[in-house]
Amino acid sequence: MSVEAEHVGLRAARRADAVAVAEIWYRGWCDGHLGNVPDALVMVRTRESFAERAPRRLADTAVAVVGGEVAGFVMVVDDEVEQVYVAERHRGGGVAVVLLEEAERLVAAGGHRQAWLAVVPGNARARRFYERNGWTDQGPFEQFAPRDQGQVTVPAHRYVKRLADDAARRRSTGRPV
């Protein structure tokens with residue numbers, strides 16, 4: 001684990017985190033999705049759209065805090081890890097691993113034995129990250145992204161991970177669950 005990851009705090013998102021979450025989400029989304037998703041989705045995923053969506057999603061969000069600032073976040077709903085994003089200045093320091101472990105813990109705490117997430121095919125960096133962390137590509141599927149007027153069909157790959165029981169997770173990660 002990196003030095004930065006050892007100094008990552010995790011907590012439920014608060015109202016005051018909405019602006020930071022929105023900015024991290026927007027910038028990260030652009031990095032991973034521009035050129036990899038249909039233009040119809042790009043047109044509706046504006047900075048303003050993330051600013052509107054982030055406050056509504058705080059109940060589903062856990063944030064990573066480094067040095068007093070929000071360094072990244074995860075959004076989990078049921079067995080799906082919907083979003084995993086790290087601020088650019090904190091990438092490569094282990095924050096994403098800490099967030100992904102938290103997402104897996106949240107899915108397991110919800111009574112699910114397997115977690116899943118979607119990644120667009122062209123987001124090679126994210127796909128490598130998930131594979132390094134024990135996630136398996138189950139192949140392509142069509143994801144439906146909501147927008148004001150209906151939805152946009154987005155080609156994606158479904159990644160899954162079988163979740164270990166609590167005792168095994170403690171032994172393998174050294175973290176309490």
# chains A, B, ... in the order shown; residues from 1 in each chain; ligands from 1
>>> residues_around(residues="His7 (chain A)", least_positions_apart="5", cutoff="12 Å", atoms="only C-alpha atoms", output="list in words")
Met1, Ser2, Ala64, Val65, Val66, Gly67, Gly68, Glu69, Ala71, His90, Gly93, Gly94, Val95 and Val98 of chain A
>>> residues_around(residues="region 86-88 of chain A", least_positions_apart="4", cutoff="9 Å", atoms="only C-alpha atoms", output="list of chain:residue names")
A:Glu23, A:Ile24, A:Trp25, A:Arg27, A:Gly28, A:Ala64, A:Val70, A:Ala71, A:Gly72, A:Phe73, A:Val74, A:Gly92, A:Val95, A:Ala96, A:Leu99
>>> residues_around(residues="region 137-153 of chain A", least_positions_apart="4", cutoff="9 Å", atoms="only C-alpha atoms", output="list of chain:residue names")
A:Pro38, A:Ala40, A:Leu41, A:Val44, A:Arg45, A:Ala118, A:Val120, A:Pro121, A:Arg127, A:Tyr130, A:Glu131, A:His157, A:Arg158, A:Tyr159, A:Val160
>>> write_last_selection(atoms="C-alpha atoms", output="compact mmCIF listing (two decimals), in the first residue's frame")
# COMPACT_ATOMS: atom_id res chain seq x y z
CA PRO A 38 -22.09 8.14 -27.69
CA ALA A 40 -25.74 12.02 -27.16
CA LEU A 41 -24.45 11.19 -23.67
CA VAL A 44 -25.94 15.91 -21.46
CA ARG A 45 -23.01 15.18 -19.13
CA ALA A 118 -19.88 -1.22 -15.69
CA VAL A 120 -16.93 1.48 -21.17
CA PRO A 121 -14.68 -0.57 -23.49
CA ARG A 127 -10.39 -1.87 -16.93
CA TYR A 130 -10.40 -3.48 -11.84
CA GLU A 131 -8.68 -6.56 -13.24
CA HIS A 157 -18.43 -4.29 -20.10
CA ARG A 158 -19.85 -5.86 -16.95
CA TYR A 159 -17.20 -6.58 -14.32
CA VAL A 160 -17.99 -8.77 -11.33
>>> residues_around(residues="Arg56 (chain A)", least_positions_apart="2", cutoff="12 Å", atoms="only C-alpha atoms", output="list in words")
Ala13, Arg14, Arg15, Asp17, Ala18, Val19, Val21, Ala22, Ser49, Phe50, Ala51, Glu52, Arg53, Ala54, Leu58, Ala59, Asp60, Thr61 and Met75 of chain A
>>> write_last_selection(atoms="N, CA, C and O atoms", output="CSV table (one decimal), in the first residue's frame")
chain,number,residue,atom,x,y,z
A,13,ALA,N,-20.5,10.5,2.8
A,13,ALA,CA,-20.5,11.9,2.2
A,13,ALA,C,-21.5,12.8,3.0
A,13,ALA,O,-22.5,12.3,3.5
A,14,ARG,N,-21.1,14.0,3.1
A,14,ARG,CA,-21.9,15.0,3.8
A,14,ARG,C,-22.3,16.1,2.8
A,14,ARG,O,-21.7,16.2,1.7
A,15,ARG,N,-23.3,16.8,3.1
A,15,ARG,CA,-23.8,17.9,2.3
A,15,ARG,C,-22.7,18.8,1.8
A,15,ARG,O,-22.7,19.2,0.6
A,17,ASP,N,-19.8,18.1,1.0
A,17,ASP,CA,-18.9,17.4,0.1
A,17,ASP,C,-19.4,17.5,-1.4
A,17,ASP,O,-18.7,17.2,-2.3
A,18,ALA,N,-20.7,18.0,-1.5
A,18,ALA,CA,-21.3,17.9,-2.9
A,18,ALA,C,-20.5,18.6,-4.0
A,18,ALA,O,-20.4,18.1,-5.1
A,19,VAL,N,-20.0,19.7,-3.7
A,19,VAL,CA,-19.2,20.5,-4.7
A,19,VAL,C,-18.0,19.7,-5.1
A,19,VAL,O,-17.7,19.6,-6.3
A,21,VAL,N,-17.4,16.5,-4.7
A,21,VAL,CA,-17.8,15.2,-5.4
A,21,VAL,C,-18.2,15.5,-6.9
A,21,VAL,O,-17.7,14.8,-7.8
A,22,ALA,N,-18.9,16.6,-7.1
A,22,ALA,CA,-19.4,16.9,-8.4
A,22,ALA,C,-18.2,17.2,-9.3
A,22,ALA,O,-18.1,16.8,-10.5
A,49,SER,N,-24.5,19.4,-15.0
A,49,SER,CA,-25.3,18.2,-14.8
A,49,SER,C,-24.7,17.4,-13.6
A,49,SER,O,-25.5,16.8,-12.8
A,50,PHE,N,-23.4,17.4,-13.4
A,50,PHE,CA,-22.8,16.7,-12.3
A,50,PHE,C,-23.0,17.5,-11.0
A,50,PHE,O,-23.3,16.9,-9.9
A,51,ALA,N,-23.0,18.8,-11.1
A,51,ALA,CA,-23.4,19.7,-10.0
A,51,ALA,C,-24.8,19.5,-9.5
A,51,ALA,O,-25.1,19.6,-8.3
A,52,GLU,N,-25.7,19.2,-10.4
A,52,GLU,CA,-27.1,18.9,-10.0
A,52,GLU,C,-27.2,17.5,-9.4
A,52,GLU,O,-28.0,17.3,-8.5
A,53,ARG,N,-26.5,16.5,-10.0
A,53,ARG,CA,-26.7,15.1,-9.6
A,53,ARG,C,-26.0,14.8,-8.3
A,53,ARG,O,-26.5,14.0,-7.5
A,54,ALA,N,-24.8,15.4,-8.1
A,54,ALA,CA,-24.0,15.0,-6.9
A,54,ALA,C,-24.8,15.2,-5.6
A,54,ALA,O,-24.8,14.2,-4.7
A,58,LEU,N,-25.7,11.9,-2.5
A,58,LEU,CA,-24.9,11.8,-1.3
A,58,LEU,C,-25.2,10.6,-0.4
A,58,LEU,O,-24.3,10.1,0.2
A,59,ALA,N,-26.5,10.2,-0.3
A,59,ALA,CA,-26.8,9.1,0.5
A,59,ALA,C,-26.2,7.8,0.0
A,59,ALA,O,-26.0,6.8,0.8
A,60,ASP,N,-25.8,7.7,-1.2
A,60,ASP,CA,-25.2,6.5,-1.8
A,60,ASP,C,-23.7,6.6,-1.9
A,60,ASP,O,-23.0,5.8,-2.5
A,61,THR,N,-23.1,7.7,-1.3
A,61,THR,CA,-21.7,8.0,-1.5
A,61,THR,C,-20.9,8.0,-0.3
A,61,THR,O,-21.3,8.4,0.8
A,75,MET,N,-19.9,5.5,-5.2
A,75,MET,CA,-21.3,5.4,-5.0
A,75,MET,C,-21.7,4.0,-5.2
A,75,MET,O,-21.4,3.3,-6.2
>>> select_by_dssp(residues="region 21-163 of chain A", states="strand (DSSP E or B)", output="PyMOL selection string")
chain A and resi 61-66+69-77+80-86+114-119+136-147+150-162
>>> select_by_dssp(residues="chain A", states="alpha helix (DSSP H)", output="VMD selection string")
chain A and resid 3 to 6 18 to 33 39 to 44 47 to 56 95 to 109 124 to 132 166 to 173
